[in-house]
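*Asks:* model_7.cif is reproduced below (mmCIF, C-alpha atoms).
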data_coords
loop_
_atom_site.label_atom_id
_atom_site.label_comp_id
_atom_site.auth_asym_id
_atom_site.auth_seq_id
_atom_site.Cartn_x
_atom_site.Cartn_y
_atom_site.Cartn_z
CA MET A 1 8.76 -0.96 57.80
CA THR A 2 9.55 -2.18 54.31
CA GLN A 3 12.93 -3.57 53.34
CA ASP A 4 15.31 -2.86 50.52
CA ALA A 5 15.26 -5.62 47.91
CA PHE A 6 17.67 -8.47 48.52
CA PRO A 7 20.44 -8.64 45.91
CA ALA A 8 19.82 -11.29 43.26
CA GLN A 9 21.77 -14.38 44.28
CA GLN A 10 21.75 -18.15 44.05
CA GLN A 11 23.68 -20.98 45.66
CA ALA A 12 23.89 -24.71 45.21
CA HIS A 13 21.74 -26.70 47.63
CA PRO A 14 21.79 -26.75 50.68
CA GLY A 15 23.24 -23.21 50.78
CA TRP A 16 25.81 -21.66 53.11
CA THR A 17 25.33 -18.82 55.56
CA ASP A 18 28.54 -16.88 54.96
CA GLU A 19 27.88 -16.64 51.23
CA MET A 20 24.52 -14.89 51.71
CA ASP A 21 24.07 -11.15 51.09
CA PRO A 22 23.17 -9.93 53.63
CA VAL A 23 24.25 -12.56 56.17
CA PRO A 24 21.21 -13.52 58.30
CA ASP A 25 20.82 -12.38 61.90
CA HIS A 26 20.69 -15.38 64.26
CA GLY A 27 20.67 -13.30 67.42
CA GLU A 28 24.44 -13.59 67.85
CA SER A 29 24.63 -10.07 69.31
CA SER A 30 21.03 -9.45 70.33
CA TYR A 31 19.55 -12.45 72.13
CA ARG A 32 19.54 -12.15 75.92
CA GLY A 33 18.64 -15.23 77.94
CA ASN A 34 16.62 -15.35 81.15
CA ASN A 35 17.45 -18.87 82.35
CA LYS A 36 14.08 -20.19 81.16
CA LEU A 37 15.54 -23.52 80.00
CA ALA A 38 18.20 -24.05 82.64
CA GLY A 39 19.47 -27.63 82.60
CA LYS A 40 17.11 -28.75 79.84
CA ASN A 41 18.62 -31.21 77.37
CA THR A 42 17.59 -30.27 73.85
CA LEU A 43 17.94 -31.90 70.44
CA ILE A 44 17.47 -29.73 67.34
CA THR A 45 17.44 -31.26 63.87
CA GLY A 46 19.02 -29.04 61.22
CA GLY A 47 20.65 -26.78 63.77
CA ASP A 48 23.63 -25.66 61.71
CA SER A 49 22.09 -22.61 60.03
CA GLY A 50 18.99 -20.47 59.69
CA ILE A 51 16.18 -20.99 62.18
CA GLY A 52 17.96 -24.00 63.65
CA ARG A 53 21.12 -22.01 64.43
CA ALA A 54 19.14 -19.11 65.91
CA THR A 55 17.18 -21.54 68.09
CA ALA A 56 20.36 -23.28 69.23
CA ILE A 57 21.85 -19.93 70.28
CA ALA A 58 18.68 -18.88 72.08
CA PHE A 59 18.31 -22.18 73.91
CA ALA A 60 21.96 -22.15 74.99
CA ARG A 61 21.59 -18.63 76.35
CA GLU A 62 18.50 -19.77 78.23
CA GLY A 63 20.68 -22.38 79.96
CA ALA A 64 19.89 -25.50 77.91
CA ASN A 65 22.34 -28.15 76.79
CA VAL A 66 22.07 -28.30 72.99
CA ALA A 67 22.63 -31.12 70.52
CA PHE A 68 21.95 -30.50 66.84
CA THR A 69 22.14 -32.42 63.59
CA TYR A 70 23.53 -31.31 60.24
CA LEU A 71 24.09 -32.79 56.79
CA PRO A 72 27.65 -33.63 55.68
CA ALA A 73 27.52 -30.81 53.13
CA GLU A 74 26.73 -28.37 55.93
CA SER A 75 29.80 -29.06 58.06
CA GLY A 76 31.13 -25.52 57.62
CA ASP A 77 27.94 -23.97 59.00
CA ALA A 78 27.88 -26.59 61.76
CA ASP A 79 31.40 -25.63 62.81
CA SER A 80 30.38 -21.98 62.98
CA THR A 81 27.37 -22.83 65.14
CA MET A 82 29.55 -24.83 67.51
CA VAL A 83 31.91 -21.86 67.89
CA LEU A 84 28.94 -19.69 68.87
CA LEU A 85 27.71 -22.27 71.38
CA GLU A 86 31.15 -22.59 72.94
CA HIS A 87 30.72 -19.10 74.37
CA GLU A 88 27.87 -20.37 76.58
CA GLN A 89 28.23 -22.23 79.88
CA ASN A 90 26.58 -25.50 78.91
CA GLU A 91 27.12 -28.73 77.03
CA ARG A 92 26.91 -28.93 73.25
CA LEU A 93 26.97 -31.70 70.65
CA ALA A 94 27.02 -31.59 66.84
CA ILE A 95 25.89 -34.76 65.06
CA GLU A 96 26.44 -35.31 61.34
CA ALA A 97 23.34 -37.17 60.17
CA ASP A 98 21.11 -37.57 57.15
CA LEU A 99 17.72 -38.22 58.75
CA ARG A 100 16.15 -39.97 55.76
CA GLU A 101 16.64 -43.39 57.36
CA SER A 102 14.88 -44.51 60.53
CA HIS A 103 17.97 -46.07 62.09
CA THR A 104 19.82 -42.74 61.76
CA CYS A 105 17.07 -40.94 63.65
CA SER A 106 17.19 -43.54 66.42
CA ASP A 107 20.97 -43.21 66.58
CA VAL A 108 20.79 -39.41 66.88
CA VAL A 109 18.47 -39.69 69.88
CA ARG A 110 20.65 -42.39 71.42
CA ARG A 111 23.82 -40.32 71.07
CA THR A 112 22.14 -37.26 72.58
CA VAL A 113 20.89 -39.20 75.60
CA GLU A 114 24.28 -40.84 76.07
CA GLU A 115 26.00 -37.44 75.98
CA PHE A 116 23.57 -35.49 78.18
CA GLY A 117 22.06 -38.28 80.29
CA SER A 118 18.45 -37.53 79.31
CA LEU A 119 16.30 -35.65 76.81
CA ASP A 120 13.75 -32.95 77.62
CA ILE A 121 13.04 -31.12 74.37
CA LEU A 122 12.93 -32.28 70.74
CA ILE A 123 12.78 -29.69 67.96
CA ASN A 124 12.02 -31.12 64.51
CA ASN A 125 13.44 -28.30 62.43
CA ALA A 126 15.24 -30.01 59.51
CA GLY A 127 13.44 -29.64 56.22
CA TYR A 128 13.88 -29.87 52.47
CA GLN A 129 12.31 -27.63 49.84
CA MET A 130 13.04 -26.87 46.23
CA ALA A 131 11.00 -24.55 44.04
CA ARG A 132 10.09 -26.28 40.80
CA GLU A 133 9.28 -25.27 37.26
CA GLY A 134 6.66 -27.03 35.17
CA GLY A 135 3.78 -29.22 36.24
CA ILE A 136 3.56 -32.18 38.57
CA GLU A 137 4.34 -34.50 35.66
CA ASN A 138 7.92 -33.18 35.83
CA MET A 139 8.43 -34.09 39.50
CA SER A 140 10.93 -36.92 39.83
CA ASP A 141 10.60 -39.85 42.18
CA ASP A 142 13.83 -38.76 43.88
CA ARG A 143 12.48 -35.29 44.62
CA ILE A 144 9.19 -36.58 46.02
CA ASP A 145 11.00 -39.17 48.11
CA ARG A 146 13.50 -36.66 49.50
CA THR A 147 10.85 -34.11 50.45
CA ILE A 148 8.58 -36.59 52.20
CA ARG A 149 11.38 -38.49 53.93
CA THR A 150 13.10 -35.34 55.20
CA ASN A 151 10.05 -33.34 56.24
CA LEU A 152 7.59 -35.98 57.37
CA MET A 153 9.03 -39.44 57.83
CA ALA A 154 12.08 -38.18 59.73
CA LEU A 155 9.78 -36.26 62.07
CA LEU A 156 7.84 -39.43 62.85
CA TRP A 157 11.02 -41.43 63.34
CA MET A 158 12.52 -38.76 65.61
CA VAL A 159 9.40 -38.56 67.75
CA ARG A 160 9.15 -42.34 67.99
CA ALA A 161 12.75 -42.57 69.20
CA ALA A 162 12.49 -39.60 71.57
CA VAL A 163 9.18 -40.27 73.35
CA PRO A 164 10.55 -42.92 75.74
CA HIS A 165 13.00 -40.29 77.03
CA LEU A 166 10.57 -37.35 77.21
CA THR A 167 8.68 -38.34 80.32
CA GLY A 168 7.62 -35.87 83.00
CA GLY A 169 7.24 -32.52 81.29
CA GLY A 170 8.89 -33.08 77.93
CA ALA A 171 8.22 -30.91 74.91
CA ILE A 172 8.20 -31.50 71.15
CA ILE A 173 8.17 -28.53 68.78
CA ASN A 174 7.79 -29.04 65.03
CA ASN A 175 8.73 -26.54 62.34
CA SER A 176 5.72 -25.98 60.10
CA SER A 177 5.37 -23.16 57.55
CA ILE A 178 3.08 -20.50 56.17
CA GLN A 179 3.02 -22.87 53.17
CA ALA A 180 0.65 -25.08 55.15
CA PHE A 181 -1.91 -22.26 54.99
CA GLU A 182 -0.99 -20.39 51.77
CA PRO A 183 0.57 -23.08 49.55
CA SER A 184 2.59 -22.12 46.49
CA THR A 185 2.24 -24.34 43.46
CA SER A 186 6.03 -24.22 42.99
CA LEU A 187 6.38 -25.83 46.43
CA LEU A 188 3.53 -28.31 46.07
CA ASP A 189 5.25 -31.25 47.78
CA TYR A 190 6.86 -29.12 50.51
CA ALA A 191 3.57 -27.37 51.33
CA ALA A 192 1.77 -30.71 51.60
CA THR A 193 4.28 -32.00 54.13
CA LYS A 194 3.92 -28.85 56.22
CA SER A 195 0.14 -29.23 56.28
CA ALA A 196 0.64 -32.81 57.41
CA ILE A 197 2.98 -31.60 60.18
CA ASN A 198 0.20 -29.40 61.53
CA ASN A 199 -2.11 -32.42 61.63
CA LEU A 200 0.56 -34.52 63.32
CA THR A 201 1.19 -31.80 65.89
CA VAL A 202 -2.43 -31.75 67.00
CA ASN A 203 -2.72 -35.54 66.94
CA LEU A 204 0.51 -36.12 68.86
CA ALA A 205 -0.55 -33.55 71.45
CA ALA A 206 -3.69 -35.60 72.07
CA GLU A 207 -1.79 -38.88 72.26
CA LEU A 208 1.14 -37.71 74.37
CA GLY A 209 -0.65 -35.31 76.71
CA PRO A 210 -1.40 -38.04 79.28
CA GLN A 211 2.38 -38.62 79.46
CA ASP A 212 2.86 -34.91 80.29
CA ILE A 213 4.50 -34.28 76.90
CA ARG A 214 3.46 -31.08 75.16
CA VAL A 215 3.51 -30.94 71.35
CA ASN A 216 3.34 -27.68 69.39
CA ALA A 217 4.53 -26.20 66.11
CA VAL A 218 5.94 -22.93 64.86
CA ALA A 219 4.88 -21.79 61.39
CA PRO A 220 7.42 -19.33 60.00
CA GLY A 221 6.66 -17.07 57.07
CA PRO A 222 9.37 -15.88 54.67
CA ILE A 223 12.58 -16.05 56.73
CA TRP A 224 16.02 -15.15 55.35
CA THR A 225 17.93 -18.43 55.57
CA PRO A 226 20.30 -20.35 53.24
CA LEU A 227 17.31 -22.31 51.94
CA GLN A 228 16.19 -19.25 50.01
CA PRO A 229 19.12 -18.60 47.63
CA ALA A 230 19.60 -22.38 47.40
CA THR A 231 16.03 -23.18 46.37
CA GLN A 232 14.44 -20.08 44.81
CA PRO A 233 14.99 -18.39 41.42
CA GLU A 234 16.97 -15.14 41.54
CA ALA A 235 13.88 -13.15 40.56
CA LYS A 236 12.05 -14.42 43.64
CA ILE A 237 14.97 -13.52 45.92
CA THR A 238 14.84 -9.81 45.09
CA GLU A 239 11.17 -9.70 46.18
CA PHE A 240 11.45 -12.17 49.06
CA GLY A 241 9.14 -11.24 51.94
CA SER A 242 7.81 -8.05 50.36
CA ASP A 243 4.28 -9.50 50.12
CA THR A 244 3.81 -9.73 53.90
CA PRO A 245 1.75 -7.13 55.78
CA LEU A 246 4.98 -6.01 57.50
CA GLY A 247 6.55 -5.58 54.08
CA ARG A 248 9.73 -7.54 54.69
CA ALA A 249 11.22 -10.95 55.28
CA GLY A 250 11.94 -12.07 58.83
CA GLN A 251 15.29 -12.98 60.31
CA PRO A 252 16.03 -16.29 62.05
CA ALA A 253 16.54 -14.35 65.29
CA GLU A 254 12.88 -13.30 65.10
CA VAL A 255 11.68 -16.92 64.99
CA ALA A 256 13.81 -18.44 67.76
CA PRO A 257 11.88 -16.75 70.62
CA ALA A 258 8.74 -18.61 69.52
CA PHE A 259 10.57 -21.91 70.11
CA VAL A 260 11.81 -20.69 73.49
CA PHE A 261 8.26 -19.69 74.44
CA LEU A 262 6.76 -23.06 73.53
CA ALA A 263 9.62 -25.03 75.11
CA ASN A 264 9.55 -23.57 78.59
CA ASP A 265 7.00 -24.54 81.22
CA TYR A 266 6.91 -21.06 82.78
CA ASP A 267 5.28 -19.45 79.76
CA ALA A 268 3.69 -22.38 77.91
CA GLY A 269 3.03 -25.08 80.49
CA TYR A 270 -0.63 -25.31 79.48
CA ILE A 271 -0.11 -24.91 75.73
CA SER A 272 -0.20 -28.01 73.55
CA GLY A 273 -1.59 -28.78 70.11
CA THR A 274 -0.99 -25.20 68.92
CA VAL A 275 0.56 -23.86 65.72
CA LEU A 276 2.18 -20.48 66.42
CA GLY A 277 2.66 -18.27 63.38
CA VAL A 278 5.73 -16.06 62.91
CA THR A 279 4.76 -14.78 59.50
CA GLY A 280 5.02 -11.00 59.29
CA GLY A 281 1.23 -10.77 59.43
CA LYS A 282 0.15 -13.58 57.13
CA PRO A 283 -2.73 -15.59 58.66
CA VAL A 284 -2.24 -19.08 60.07
CA PHE A 285 -5.78 -20.45 60.21
#
As structure tokens, what does this structure read like?

*Replies:*
Amino acid sequence: MTQDAFPAQQQAHPGWTDEMDPVPDHGESSYRGNNKLAGKNTLITGGDSGIGRATAIAFAREGANVAFTYLPAESGDADSTMVLLEHEQNERLAIEADLRESHTCSDVVRRTVEEFGSLDILINNAGYQMAREGGIENMSDDRIDRTIRTNLMALLWMVRAAVPHLTGGGAIINNSSIQAFEPSTSLLDYAATKSAINNLTVNLAAELGPQDIRVNAVAPGPIWTPLQPATQPEAKITEFGSDTPLGRAGQPAEVAPAFVFLANDYDAGYISGTVLGVTGGKPVF
């Protein structure tokens, strides 16, 4: 089924959900939980909007306690996510945090453990991308630093802080991307970090397996989130997702079940070191 073209639109970074046309589907009305994560304490980075919000909703409806981080500029989206989580019968925590410093990552884990008493699942979802014009010679130091710190260094810092708390069946799920497999030159730095995340996922699975910690990744394709109008030219927005075999972009609600699958021991207890594609048919190998 192909989709109608998205209306041309742009926003300032980081983008806001309610200003998108159409507003993304996070599973607010559709996701039905089956108690697969009952009592699990979960920390999601970048949980205020997009895939992070959809995952927070899904995990809460599966019975998990959910903490999530958000940037100061994303407080409006964070408030909306908290309202959605308040409808569920579990604990919830929103943490304003810029994860580009190691001490902030450590503090986020500490606050989550203090609030919930323990940590079972870490989802490294926060990411930064910005489509660029011109060649690599036009890439600023600030842009390179922000992309690598947000996408890669923060992931390492979060895992380092979380591992001591993830004993006895813990799970780490990283957000990769189709860009790791089909990189766009306009997202050169972003695509490189996503490829590195795949490598880290496999390597961490090997290192942490003896501690009974599973490590996997989800690789989304073109998903309709605030990142798109905030980082892509208007001309790209109107065609967004049309190049997939399914002929359309995905919704955040269509990615969240992959995180639920990899997080719960009932379905994925023997799965580690895997990158699961949710790409509308684009290959992830």

*Asks:* Might you spell out which residues the PyMOL selection byres ((chain A and resi 65) around 9) would select in the displayed file, as a list in words?

*Replies:* Leu37, Ala38, Gly39, Lys40, Asn41, Thr42, Leu43, Phe59, Ala60, Gly63, Ala64, Val66, Ala67, Gln89, Asn90, Glu91, Arg92, Leu93 and Phe116 of chain A

*Asks:* For region 271-279 of chain A, please output as a PyMOL selection string all residues within 8 Å (counting all atoms listed in the file; exclusion window: fewer than 3 positions along the same chain).

*Replies:* chain A and resi 176+178+198+201-206+209+214-222+244+250+254-255+258+262+268+282-284

*Asks:* Work out how far CA of Phe240 (chain A) is from CA of Ala5 (chain A), in Å to one decimal.

*Replies:*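 Atom-to-atom, CA of Ala5 (chain A) to CA of Phe240 (chain A), that is 7.7 Å.
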
*Asks:* Find, counting all atoms listed in the file, the residue in A:Gly134, A:Tyr31, A:Tyr128, A:Lys36 that gets nearest to Pro226 (chain A).

*Replies:*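 Looking at the shortest contact to Pro226 (chain A), the residue is A:Tyr128.
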
*Asks:* What's the separation between CA of Glu114 (chain A) and CA of His165 (chain A), in Å to one decimal place?

*Replies:* 11.3 Å

*Asks:* A:Ile123, A:Pro14, A:Asp212, A:Glu115: which is nearest Ala73 (chain A), counting only C-alpha atoms?

*Replies:*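 Of the candidates, the smallest distance to Ala73 (chain A) is held by A:Pro14.
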
*Asks:* Write out as a ChimeraX atom specification the residues lying within 12 Å of Ser184 (chain A), counting only C-alpha atoms and excluding same-chain residues fewer than 3 positions away.

*Replies:* /A:129-133,177-181,187-192,194

*Asks:* Measuring between only C-alpha atoms, which one of A:Leu246, A:Leu122, A:Ile173, A:Ala12 shows the shortest distance to Gln232 (chain A)?

*Replies:*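 Closest residue, counting only C-alpha atoms: A:Ala12.
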
*Asks:* Mind pulling up the distance from CA of Ala196 (chain A) to CA of Ile148 (chain A)?

*Replies:*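 Distance between the two atoms: 10.2 Å.
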
*Asks:* Using all atoms of region 4-13 of chain A listed in the file and a margin of 6 Å per side, can you give the axis-aligned box centre and edge lengths in Å to one decimal, as JSON?

*Replies:*
{"center_x": 19.6, "center_y": -14.8, "center_z": 46.9, "size_x": 20.6, "size_y": 35.8, "size_z": 19.3}

*Asks:* Enumerate, as a PyMOL selection string, the protein, DNA and RNA residues whose atoms approach (9.6, -33.1, 72.7) to within 6 Å, taking into account all atoms listed in the file and the coordinate frame of the file.

*Replies:* chain A and resi 121-122+170-172

*Asks:* Excluding Glu19 (chain A) and its own-chain neighbours fewer than 5 positions away, which residues fall within 10 Å of it when counting only C-alpha atoms? Please give them as a list in words.

*Replies:*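 Listed by chain and then number, they are Gln9, Gln10, Gln11, Pro226 and Pro229 of chain A.
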
*Asks:* Determine the nearest neighbour of Ile44 (chain A) from the options A:Gly281, A:Pro7, A:Gly127, A:Pro183, counting all atoms listed in the file.

*Replies:*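 When distances to Ile44 (chain A) are compared using all atoms listed in the file, the smallest one comes from A:Gly127.
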